[in-house]
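S.K.: Take this structure first; my questions come after.
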Amino acid sequence: MTGRAGSRAVTDDRPPAGAARPAETARRARARLLGLAASRPVHLGASLSVVEILVCAFATMRHDPRDLDRPDRDRLILSKGHGVWGLYSVLAELGVAGLDEPRAGHPIDGTPGVEAATGALGHGLSIGAGLAEAARLDAADRRTLVVLGDGELDEGSVWEAAMFAAHRRLNTLIAVVDRNGMQQEGGTEAVLALEPLAAKWAAFGWRVIETDGHDCAALTGALRTARTPDDRPSVVLARTVKARGVAFMEGSAAWHYGQLDEEQLTAALAALAAGERGA
Amino acid sequence: MPSAVPTAAPTASMRPAVARVLTEAAHERPGLVVLGADGHGLAMGVRSAFPERYIDVGIAEPNLVGVASGLARAGHAVVVGTMAPFLVRRAQEQIRNDVCNPNLDVTFLGVGGGLGYGTLGPTHHAPEDLGSFAAMPNTLVLCPADATEAAWAVREALDWPGPAYVRLGAREDAVLYPDTEPFDLGRGRPLRPARDALALAMGAGVAVALRAADLLAADGVGLGVLALSALKPFPADEIRAAAASTGVVAVVEEHLDATGLAARTALALAGTWRGRFLVHALDDRYPPVGDRAELLAFYGVDARSVGSAVRAAAACGGTP
């Protein structure tokens, strides 16, 4: 990638940093993530499900891993902060330095690539709405992406922000929901039903785009559509699988949080490789 | 030094004074944005002069503070003005995580902190607002006693580079200070010299302490009054020095005793001062129905209660 900060206009179509082959970047990020999970307990399921979302989001954003503070960058807030191990791993694969040391179990301010401390759920969309208001006041061509968990949508503040963003026609704001269907206690529909989710967002005044959250071509297309002009904020509902990539963990609440022993790590990496071969 | 404050002292609302400060600030600082939650009284002038720089989020305090965080992260100075009880309780997590922890430039103006909303009832009281903000690192926490001090406090908060909270009255407050009063952040103002006892007072407690001093003066008891503006930064050294000359210290505040001026004063004096420590503050009870003055009296934050407690303590010479 050649685009850097400065006066030069940067288009959305330039080659993304380290994500020219997003599926390969996602595979490497998952392997890195499993390695991290062998040295400390992490939120495995939520971090594995969000990998393609993050890879494809950064690929469509104005974002330079070598210049994370450039003022004209698009912002990405990982509101589902327990997916932070996915964020660390994807950023590291994109070439962001300084993520080798052990990091907090949720995003904290001051970490390279982290735009806002999150993890207390239901905060990110409001912060994103504020960033979008700032972009409007500053007449800046800047997008704000907020990655939400589906369980997170239980929080009322998400819907305060959703109502506000639509009312204010914050059309540079893009929400992406990691719709893996699971939360800590079990399935989202069993704990607190979210469906009909697309209709809910539409009723709140958002442009709704549904996609497979692991198919990089479809996901990238959805994220690009979300950037096209509209007078509404956009939400991408990305259907995902909890703990995606490791067959024996997929869709299981048992792998919500934990640490891998040596045997489990070997098995998980083998499952990841087998999944790739089978794909 | 102000004169005595009789019962029929003139009063004024802090809100128009603060609205003028915000309007001036909006003219001086092009990046300043003011947010409200279904109420723009404080932003009246800003909204007229710069409609694009006033945003009403509706009745949604968590979103209010989150939006403020986003604006501040993008480099804007932000003022959030709304009713204190809903700001400090509904949005506490956003205040802590989204603004105070990253040390963003957001000024919070809490209208009707303490018992300011009086007869509207306990749902509308915020006896813990100052302590709640003071519990978060990076904050400036101010509690003005009248409209003049409120205008100064808001200017200080706007100049503070990180998060700040200013408690504002909901109705009228006694006029205590002339426009020329030289306020100084981090220092108290000795309004009466201490002879037999010293009152440490903040916010609405200042007028109460001055009235108590008047009552006691008639009996020949000299109650000093040191008025404080800030719970943070807290002038602990100054308080230790002032207390050293007296055997009776009385804290007078419209705030929960366990997390406000009384608690911080006790921490400042612990182990270094011996004497009678009197607390006239809100305690661990929900109040009955009443107007602000009645509620303050319920908690013993009134001139008669302070006067009789100080008189009794001074009669013992301050010996514990």
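Chain lettering (A, B, ...) mirrors the order of the structure tokens, residue numbering begins at 1 for each chain separately, and ligand numbering begins at 1 in order of display.
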Compile the contact shell of stretch 97-100 of chain A as a list in words: residues with an atom at most 10 Å away, counting only C-alpha atoms, same-chain residues fewer than 6 positions apart removed.
M.R.: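 Once the adjacent positions are removed, what remains is Leu36, Pro65, Arg66, Tyr88, Ser89, Leu91, Thr111, Pro112 and Gly113 of chain A.
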S.K.: Save the residues we just selected, N, CA and C atoms, as a compact mmCIF listing (two decimals), in the first residue's frame?
M.R.:
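Once written, result-v9.txt looks like this:
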```txt
# COMPACT_ATOMS: atom_id res chain seq x y z
N LEU A 36 -2.36 -17.09 20.96
CA LEU A 36 -2.54 -16.21 22.12
C LEU A 36 -3.38 -16.91 23.20
N PRO A 65 -2.03 0.91 8.62
CA PRO A 65 -1.46 0.27 9.81
C PRO A 65 -0.13 0.90 10.24
N ARG A 66 0.53 1.61 9.31
CA ARG A 66 1.80 2.24 9.68
C ARG A 66 1.61 3.67 10.17
N TYR A 88 -6.71 -7.70 17.98
CA TYR A 88 -5.25 -7.74 18.09
C TYR A 88 -4.65 -8.57 16.96
N SER A 89 -5.25 -9.72 16.72
CA SER A 89 -4.67 -10.65 15.75
C SER A 89 -4.77 -10.11 14.34
N LEU A 91 -5.09 -6.89 13.44
CA LEU A 91 -4.21 -5.71 13.32
C LEU A 91 -2.75 -6.16 13.17
N THR A 111 -3.86 1.56 23.30
CA THR A 111 -3.38 0.39 22.56
C THR A 111 -3.38 0.72 21.07
N PRO A 112 -2.29 0.39 20.36
CA PRO A 112 -2.26 0.70 18.93
C PRO A 112 -3.48 0.14 18.20
N GLY A 113 -4.15 0.99 17.44
CA GLY A 113 -5.29 0.55 16.65
C GLY A 113 -6.62 0.55 17.38
```
S.K.: Find the spatial neighbours of stretch 171-177 of chain B, counting only C-alpha atoms, within a cut-off of 12 Å - ignore same-chain residues fewer than 4 positions away - and output them as number ranges by chain.
M.R.: B: 1-17, 111-113, 115-119, 144-152, 181-183, 189, 191, 203-211, 227, 291-293
S.K.: Need the shell around A:Ala226: protein/DNA/RNA residues with any atom at most 9 Å away, counting only C-alpha atoms. Skip same-chain ones fewer than 2 positions apart. Format as a list in words?
M.R.: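 The contact residues come out as Thr172, Leu173, Ile174, Arg207, Val208, Ile209, Gly221, Ala222, Leu223, Arg224, Thr228, Pro229, Asp230, Pro233, Ser234, Val235 and Val236 of chain A.
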S.K.: Identify every residue of chain A that has at least one atom within 10 Å of any atom of chain B, counting only C-alpha atoms, and report the result as a VMD selection string.
M.R.: chain A and resid 71 108 to 110 115 to 120 122 to 138 156 to 165 167 to 168
S.K.: Contacts of A:Thr211 at 8 Å or less, counting only C-alpha atoms, minus same-chain residues fewer than 6 places along, as a VMD selection string?
M.R.: chain A and resid 218 to 219 222 236 to 239
S.K.: With a distance cut-off of 12 Å and only C-alpha atoms, select the neighbouring residues of B:Pro163, excluding the residue or stretch itself and same-chain residues fewer than 3 positions from it, and output the selection as an NGL selection string.
M.R.: :B and (65 or 68-69 or 72 or 77-80 or 95-109 or 133-134 or 136-142 or 156-160 or 166 or 232)
S.K.: Restricting it to N, CA, C and O atoms, dump the selection as a short mmCIF file (atom, residue, chain, number, x, y, z; two decimals), in the first residue's frame.
M.R.:
```cif
data_model
loop_
_atom_site.label_atom_id
_atom_site.label_comp_id
_atom_site.auth_asym_id
_atom_site.auth_seq_id
_atom_site.Cartn_x
_atom_site.Cartn_y
_atom_site.Cartn_z
N VAL B 65 -23.83 11.03 26.63
CA VAL B 65 -22.42 11.05 27.03
C VAL B 65 -21.56 10.31 26.00
O VAL B 65 -20.43 10.70 25.73
N ALA B 68 -20.95 12.68 23.25
CA ALA B 68 -19.94 13.65 23.70
C ALA B 68 -18.54 13.06 23.58
O ALA B 68 -17.60 13.74 23.14
N SER B 69 -18.40 11.80 23.95
CA SER B 69 -17.10 11.13 23.85
C SER B 69 -16.60 11.10 22.41
O SER B 69 -15.44 11.40 22.13
N ALA B 72 -15.51 14.55 21.32
CA ALA B 72 -14.25 14.93 21.97
C ALA B 72 -13.08 14.14 21.41
O ALA B 72 -11.97 14.67 21.25
N ALA B 77 -14.07 20.40 21.81
CA ALA B 77 -14.41 20.63 23.21
C ALA B 77 -15.92 20.50 23.32
O ALA B 77 -16.65 21.02 22.48
N VAL B 78 -16.38 19.77 24.34
CA VAL B 78 -17.80 19.47 24.43
C VAL B 78 -18.34 19.89 25.80
O VAL B 78 -17.68 19.68 26.82
N VAL B 79 -19.51 20.49 25.79
CA VAL B 79 -20.23 20.79 27.03
C VAL B 79 -21.50 19.96 27.04
O VAL B 79 -22.25 19.95 26.06
N VAL B 80 -21.72 19.24 28.12
CA VAL B 80 -22.93 18.46 28.30
C VAL B 80 -23.71 19.09 29.45
O VAL B 80 -23.21 19.16 30.56
N ILE B 95 -19.79 8.02 31.50
CA ILE B 95 -18.94 9.10 32.02
C ILE B 95 -17.57 8.52 32.38
O ILE B 95 -16.53 9.08 32.03
N ARG B 96 -17.58 7.39 33.07
CA ARG B 96 -16.32 6.80 33.53
C ARG B 96 -15.48 6.25 32.37
O ARG B 96 -14.32 6.61 32.20
N ASN B 97 -16.10 5.37 31.57
CA ASN B 97 -15.32 4.65 30.55
C ASN B 97 -15.07 5.48 29.30
O ASN B 97 -14.01 5.37 28.69
N ASP B 98 -16.06 6.26 28.90
CA ASP B 98 -15.99 6.90 27.59
C ASP B 98 -15.39 8.30 27.65
O ASP B 98 -14.96 8.83 26.62
N VAL B 99 -15.39 8.92 28.83
CA VAL B 99 -14.89 10.30 28.93
C VAL B 99 -13.74 10.43 29.93
O VAL B 99 -12.67 10.93 29.58
N CYS B 100 -13.96 9.98 31.17
CA CYS B 100 -12.94 10.23 32.20
C CYS B 100 -11.70 9.36 32.02
O CYS B 100 -10.57 9.86 32.12
N ASN B 101 -11.89 8.09 31.75
CA ASN B 101 -10.72 7.22 31.59
C ASN B 101 -9.82 7.70 30.45
O ASN B 101 -8.61 7.84 30.63
N PRO B 102 -10.34 8.02 29.27
CA PRO B 102 -9.46 8.57 28.22
C PRO B 102 -9.16 10.06 28.38
O PRO B 102 -8.49 10.64 27.53
N ASN B 103 -9.63 10.66 29.48
CA ASN B 103 -9.27 12.05 29.81
C ASN B 103 -9.65 13.02 28.70
O ASN B 103 -8.84 13.84 28.26
N LEU B 104 -10.90 12.96 28.27
CA LEU B 104 -11.36 13.81 27.17
C LEU B 104 -11.87 15.15 27.70
O LEU B 104 -12.27 15.29 28.85
N ASP B 105 -11.88 16.11 26.79
CA ASP B 105 -12.24 17.49 27.15
C ASP B 105 -13.76 17.67 27.10
O ASP B 105 -14.31 18.19 26.13
N VAL B 106 -14.41 17.20 28.13
CA VAL B 106 -15.87 17.32 28.23
C VAL B 106 -16.21 17.99 29.56
O VAL B 106 -15.73 17.57 30.61
N THR B 107 -17.01 19.03 29.49
CA THR B 107 -17.48 19.73 30.68
C THR B 107 -18.93 19.32 30.94
O THR B 107 -19.80 19.53 30.10
N PHE B 108 -19.16 18.71 32.09
CA PHE B 108 -20.50 18.29 32.47
C PHE B 108 -21.12 19.34 33.40
O PHE B 108 -20.50 19.72 34.40
N LEU B 109 -22.31 19.79 33.06
CA LEU B 109 -23.03 20.73 33.90
C LEU B 109 -24.28 20.03 34.42
O LEU B 109 -25.18 19.69 33.64
N PHE B 133 -18.48 11.99 40.57
CA PHE B 133 -17.47 12.48 39.62
C PHE B 133 -16.07 12.47 40.23
O PHE B 133 -15.09 12.16 39.54
N ALA B 134 -15.99 12.80 41.52
CA ALA B 134 -14.67 12.84 42.16
C ALA B 134 -14.04 11.45 42.23
O ALA B 134 -12.82 11.32 42.36
N MET B 136 -13.68 9.48 39.92
CA MET B 136 -13.05 9.11 38.65
C MET B 136 -11.79 9.94 38.45
O MET B 136 -11.84 11.18 38.50
N PRO B 137 -10.65 9.29 38.23
CA PRO B 137 -9.42 10.03 38.00
C PRO B 137 -9.57 11.01 36.83
O PRO B 137 -10.40 10.81 35.93
N ASN B 138 -8.77 12.05 36.85
CA ASN B 138 -8.68 13.09 35.82
C ASN B 138 -9.71 14.21 35.95
O ASN B 138 -9.67 15.18 35.19
N THR B 139 -10.65 14.09 36.89
CA THR B 139 -11.75 15.06 36.89
C THR B 139 -11.46 16.30 37.72
O THR B 139 -10.73 16.27 38.71
N LEU B 140 -12.09 17.38 37.30
CA LEU B 140 -12.23 18.60 38.09
C LEU B 140 -13.68 18.62 38.57
O LEU B 140 -14.60 18.40 37.77
N VAL B 141 -13.89 18.86 39.86
CA VAL B 141 -15.25 18.80 40.41
C VAL B 141 -15.53 20.07 41.22
O VAL B 141 -14.89 20.32 42.24
N LEU B 142 -16.49 20.86 40.74
CA LEU B 142 -16.75 22.16 41.34
C LEU B 142 -18.21 22.28 41.79
O LEU B 142 -19.11 21.75 41.14
N GLU B 156 -13.69 27.99 34.50
CA GLU B 156 -12.59 27.12 34.92
C GLU B 156 -12.73 25.73 34.29
O GLU B 156 -11.75 25.13 33.82
N ALA B 157 -13.94 25.22 34.28
CA ALA B 157 -14.19 23.88 33.73
C ALA B 157 -13.88 23.86 32.23
O ALA B 157 -13.32 22.89 31.71
N LEU B 158 -14.24 24.94 31.54
CA LEU B 158 -13.95 25.00 30.09
C LEU B 158 -12.45 25.06 29.84
O LEU B 158 -11.96 24.52 28.85
N ASP B 159 -11.72 25.71 30.74
CA ASP B 159 -10.27 25.80 30.59
C ASP B 159 -9.55 24.52 30.98
O ASP B 159 -8.41 24.29 30.58
N TRP B 160 -10.20 23.71 31.79
CA TRP B 160 -9.60 22.44 32.25
C TRP B 160 -9.49 21.52 31.04
O TRP B 160 -10.47 21.31 30.32
N VAL B 166 -19.56 20.50 37.00
CA VAL B 166 -19.99 21.64 37.81
C VAL B 166 -21.44 21.41 38.21
O VAL B 166 -22.31 21.22 37.34
N LYS B 232 -12.51 18.51 43.94
CA LYS B 232 -11.25 18.13 43.28
C LYS B 232 -10.82 19.27 42.37
O LYS B 232 -11.63 19.69 41.56
#
```
S.K.: Between A:Ala29, A:Ile53, A:Gln184, A:Arg227, which is the closest to A:Asp212 once you count only C-alpha atoms?
M.R.: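 The closest residue to A:Asp212 is A:Ile53.
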S.K.: Apply DSSP to the backbone of this structure and, from stretch 195-275 of chain B, keep only the residues in helix (DSSP H, G or I); write these as a PyMOL selection string.
M.R.: chain B and resi 204-218+236-243+257-259+261-269
S.K.: How would the residues just picked look written out with N, CA, C and O atoms as a short mmCIF file (atom, residue, chain, number, x, y, z; two decimals), in the first residue's frame?
M.R.:
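See selection_7.cif below for the written result:
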```cif
data_model
loop_
_atom_site.label_atom_id
_atom_site.label_comp_id
_atom_site.auth_asym_id
_atom_site.auth_seq_id
_atom_site.Cartn_x
_atom_site.Cartn_y
_atom_site.Cartn_z
N ALA B 204 -24.47 25.15 48.57
CA ALA B 204 -25.55 25.72 49.40
C ALA B 204 -25.15 25.79 50.86
O ALA B 204 -25.75 26.54 51.64
N GLY B 205 -24.13 25.03 51.25
CA GLY B 205 -23.68 25.05 52.63
C GLY B 205 -23.07 26.38 53.02
O GLY B 205 -23.02 26.72 54.22
N VAL B 206 -22.60 27.15 52.04
CA VAL B 206 -21.93 28.42 52.37
C VAL B 206 -22.93 29.40 52.99
O VAL B 206 -22.66 30.01 54.04
N ALA B 207 -24.08 29.55 52.36
CA ALA B 207 -25.09 30.48 52.91
C ALA B 207 -25.55 30.01 54.28
O ALA B 207 -25.77 30.82 55.18
N VAL B 208 -25.69 28.70 54.46
CA VAL B 208 -26.10 28.15 55.75
C VAL B 208 -25.05 28.47 56.81
O VAL B 208 -25.36 28.91 57.92
N ALA B 209 -23.79 28.29 56.47
CA ALA B 209 -22.71 28.55 57.44
C ALA B 209 -22.64 30.02 57.80
O ALA B 209 -22.41 30.38 58.97
N LEU B 210 -22.86 30.89 56.81
CA LEU B 210 -22.83 32.33 57.10
C LEU B 210 -23.98 32.71 58.04
O LEU B 210 -23.79 33.51 58.97
N ARG B 211 -25.14 32.13 57.82
CA ARG B 211 -26.27 32.43 58.70
C ARG B 211 -25.99 31.91 60.12
O ARG B 211 -26.28 32.57 61.10
N ALA B 212 -25.40 30.73 60.18
CA ALA B 212 -25.06 30.17 61.50
C ALA B 212 -24.06 31.07 62.22
O ALA B 212 -24.16 31.30 63.44
N ALA B 213 -23.10 31.59 61.46
CA ALA B 213 -22.10 32.48 62.06
C ALA B 213 -22.78 33.73 62.61
O ALA B 213 -22.40 34.23 63.68
N ASP B 214 -23.79 34.22 61.90
CA ASP B 214 -24.52 35.40 62.38
C ASP B 214 -25.26 35.09 63.68
O ASP B 214 -25.24 35.87 64.64
N LEU B 215 -25.91 33.93 63.69
CA LEU B 215 -26.63 33.54 64.91
C LEU B 215 -25.67 33.43 66.09
O LEU B 215 -25.96 33.89 67.20
N LEU B 216 -24.53 32.81 65.85
CA LEU B 216 -23.57 32.58 66.93
C LEU B 216 -22.91 33.88 67.38
O LEU B 216 -22.59 34.03 68.57
N ALA B 217 -22.71 34.80 66.44
CA ALA B 217 -22.06 36.07 66.79
C ALA B 217 -22.90 36.79 67.85
O ALA B 217 -22.35 37.42 68.76
N ALA B 218 -24.23 36.69 67.75
CA ALA B 218 -25.11 37.33 68.72
C ALA B 218 -24.89 36.77 70.11
O ALA B 218 -25.14 37.43 71.11
N ALA B 236 -6.34 20.18 50.69
CA ALA B 236 -6.14 19.51 51.98
C ALA B 236 -5.16 20.28 52.87
O ALA B 236 -5.39 20.42 54.09
N ASP B 237 -4.08 20.82 52.29
CA ASP B 237 -3.10 21.54 53.11
C ASP B 237 -3.71 22.78 53.74
O ASP B 237 -3.49 23.08 54.91
N GLU B 238 -4.48 23.49 52.93
CA GLU B 238 -5.10 24.71 53.44
C GLU B 238 -6.08 24.38 54.58
O GLU B 238 -6.16 25.11 55.57
N ILE B 239 -6.80 23.28 54.42
CA ILE B 239 -7.77 22.89 55.45
C ILE B 239 -7.04 22.47 56.73
O ILE B 239 -7.43 22.84 57.84
N ARG B 240 -5.94 21.74 56.59
CA ARG B 240 -5.16 21.38 57.78
C ARG B 240 -4.66 22.62 58.50
O ARG B 240 -4.72 22.72 59.73
N ALA B 241 -4.19 23.59 57.71
CA ALA B 241 -3.66 24.82 58.32
C ALA B 241 -4.77 25.59 59.02
O ALA B 241 -4.59 26.11 60.13
N ALA B 242 -5.95 25.66 58.38
CA ALA B 242 -7.05 26.42 58.96
C ALA B 242 -7.56 25.74 60.23
O ALA B 242 -7.91 26.41 61.22
N ALA B 243 -7.59 24.41 60.22
CA ALA B 243 -8.12 23.67 61.38
C ALA B 243 -7.17 23.74 62.57
O ALA B 243 -7.60 23.63 63.72
N ASP B 257 -22.62 12.65 53.07
CA ASP B 257 -21.46 12.82 53.94
C ASP B 257 -20.31 11.87 53.60
O ASP B 257 -19.14 12.25 53.66
N ALA B 258 -20.64 10.64 53.20
CA ALA B 258 -19.61 9.61 53.04
C ALA B 258 -18.70 9.83 51.83
O ALA B 258 -17.63 9.22 51.75
N THR B 259 -19.11 10.67 50.89
CA THR B 259 -18.30 10.81 49.67
C THR B 259 -18.05 12.27 49.28
O THR B 259 -17.58 12.52 48.18
N LEU B 261 -17.51 16.56 50.94
CA LEU B 261 -16.58 17.42 51.68
C LEU B 261 -16.27 16.87 53.07
O LEU B 261 -15.12 16.92 53.52
N ALA B 262 -17.29 16.32 53.74
CA ALA B 262 -17.06 15.79 55.09
C ALA B 262 -16.04 14.67 55.07
O ALA B 262 -15.10 14.64 55.87
N ALA B 263 -16.21 13.75 54.12
CA ALA B 263 -15.30 12.61 54.06
C ALA B 263 -13.88 13.06 53.70
O ALA B 263 -12.90 12.60 54.29
N ARG B 264 -13.77 13.96 52.75
CA ARG B 264 -12.43 14.40 52.33
C ARG B 264 -11.76 15.23 53.43
O ARG B 264 -10.53 15.16 53.61
N THR B 265 -12.56 16.00 54.15
CA THR B 265 -11.98 16.76 55.25
C THR B 265 -11.49 15.82 56.35
O THR B 265 -10.40 16.00 56.90
N ALA B 266 -12.30 14.80 56.64
CA ALA B 266 -11.89 13.83 57.66
C ALA B 266 -10.58 13.15 57.25
O ALA B 266 -9.68 12.96 58.08
N LEU B 267 -10.45 12.82 55.97
CA LEU B 267 -9.20 12.21 55.49
C LEU B 267 -8.03 13.19 55.65
O LEU B 267 -6.93 12.80 56.04
N ALA B 268 -8.31 14.45 55.35
CA ALA B 268 -7.23 15.45 55.43
C ALA B 268 -6.78 15.67 56.87
O ALA B 268 -5.59 15.91 57.13
N LEU B 269 -7.72 15.59 57.81
CA LEU B 269 -7.39 15.90 59.20
C LEU B 269 -6.97 14.68 60.01
O LEU B 269 -6.41 14.83 61.11
#
```
S.K.: Enumerate as a VMD selection string all residues of stretch 11-250 of chain A assigned to strand (DSSP E) by DSSP on the backbone, naming them with the chain letters and numbers the document uses.
M.R.: chain A and resid 75 to 78 144 to 149 173 to 179 182 to 183 186 to 187 207 to 212 234 to 239
S.K.: Which residues are near B:His124? Cut-off 6 Å, only C-alpha atoms, ignore same chain within fewer than 2 positions. Put them as a PyMOL selection string.
M.R.: chain B and resi 85+121-122
S.K.: Excluding B:Ala281 and any residue of its chain fewer than 5 positions from it, enumerate the residues within 6 Å of it, using only C-alpha atoms, and give them as a PyMOL selection string.
M.R.: chain B and resi 252-255+257+301
S.K.: Those selected residues, please, written with all heavy atoms and delivered as a PDB file, in the first residue's frame.
M.R.:
```pdb
ATOM      1  N   VAL B 252     -20.224  21.836  56.422  1.00  0.00           N
ATOM      2  CA  VAL B 252     -21.609  22.164  56.055  1.00  0.00           C
ATOM      3  C   VAL B 252     -21.735  22.012  54.548  1.00  0.00           C
ATOM      4  O   VAL B 252     -21.164  22.791  53.783  1.00  0.00           O
ATOM      5  CB  VAL B 252     -21.980  23.604  56.481  1.00  0.00           C
ATOM      6  CG1 VAL B 252     -23.474  23.844  56.250  1.00  0.00           C
ATOM      7  CG2 VAL B 252     -21.608  23.858  57.937  1.00  0.00           C
ATOM      8  N   GLU B 253     -22.467  20.990  54.118  1.00  0.00           N
ATOM      9  CA  GLU B 253     -22.553  20.732  52.680  1.00  0.00           C
ATOM     10  C   GLU B 253     -23.891  20.095  52.319  1.00  0.00           C
ATOM     11  O   GLU B 253     -24.489  19.377  53.115  1.00  0.00           O
ATOM     12  CB  GLU B 253     -21.412  19.810  52.225  1.00  0.00           C
ATOM     13  CG  GLU B 253     -21.454  18.437  52.892  1.00  0.00           C
ATOM     14  CD  GLU B 253     -20.464  17.448  52.296  1.00  0.00           C
ATOM     15  OE1 GLU B 253     -20.089  17.618  51.132  1.00  0.00           O
ATOM     16  OE2 GLU B 253     -20.089  16.511  53.019  1.00  0.00           O
ATOM     17  N   GLU B 254     -24.296  20.327  51.090  1.00  0.00           N
ATOM     18  CA  GLU B 254     -25.507  19.706  50.548  1.00  0.00           C
ATOM     19  C   GLU B 254     -25.058  18.484  49.730  1.00  0.00           C
ATOM     20  O   GLU B 254     -25.140  18.462  48.499  1.00  0.00           O
ATOM     21  CB  GLU B 254     -26.251  20.707  49.645  1.00  0.00           C
ATOM     22  CG  GLU B 254     -27.568  20.201  49.094  1.00  0.00           C
ATOM     23  CD  GLU B 254     -28.121  21.129  48.012  1.00  0.00           C
ATOM     24  OE1 GLU B 254     -27.343  21.902  47.427  1.00  0.00           O
ATOM     25  OE2 GLU B 254     -29.327  21.069  47.746  1.00  0.00           O
ATOM     26  N   HIS B 255     -24.499  17.494  50.395  1.00  0.00           N
ATOM     27  CA  HIS B 255     -23.961  16.322  49.705  1.00  0.00           C
ATOM     28  C   HIS B 255     -23.918  15.155  50.668  1.00  0.00           C
ATOM     29  O   HIS B 255     -23.857  15.338  51.878  1.00  0.00           O
ATOM     30  CB  HIS B 255     -22.561  16.612  49.160  1.00  0.00           C
ATOM     31  CG  HIS B 255     -22.075  15.578  48.179  1.00  0.00           C
ATOM     32  ND1 HIS B 255     -21.464  14.421  48.567  1.00  0.00           N
ATOM     33  CD2 HIS B 255     -22.146  15.536  46.829  1.00  0.00           C
ATOM     34  CE1 HIS B 255     -21.177  13.700  47.484  1.00  0.00           C
ATOM     35  NE2 HIS B 255     -21.589  14.364  46.422  1.00  0.00           N
ATOM     36  N   ASP B 257     -22.618  12.651  53.066  1.00  0.00           N
ATOM     37  CA  ASP B 257     -21.457  12.818  53.943  1.00  0.00           C
ATOM     38  C   ASP B 257     -20.306  11.871  53.595  1.00  0.00           C
ATOM     39  O   ASP B 257     -19.136  12.247  53.659  1.00  0.00           O
ATOM     40  CB  ASP B 257     -21.869  12.657  55.416  1.00  0.00           C
ATOM     41  CG  ASP B 257     -22.662  11.376  55.703  1.00  0.00           C
ATOM     42  OD1 ASP B 257     -22.747  10.510  54.806  1.00  0.00           O
ATOM     43  OD2 ASP B 257     -23.184  11.254  56.835  1.00  0.00           O
ATOM     44  N   VAL B 301     -28.742  20.451  57.835  1.00  0.00           N
ATOM     45  CA  VAL B 301     -27.942  21.433  57.088  1.00  0.00           C
ATOM     46  C   VAL B 301     -28.739  22.741  57.059  1.00  0.00           C
ATOM     47  O   VAL B 301     -29.240  23.185  56.030  1.00  0.00           O
ATOM     48  CB  VAL B 301     -27.646  20.940  55.648  1.00  0.00           C
ATOM     49  CG1 VAL B 301     -26.656  21.883  54.967  1.00  0.00           C
ATOM     50  CG2 VAL B 301     -27.067  19.529  55.682  1.00  0.00           C
TER      51      VAL B 301
END
```
S.K.: To one decimal place, how far is atom CA of B:Ala270 from atom CA of B:Leu226 in Å?
M.R.: 18.8 Å
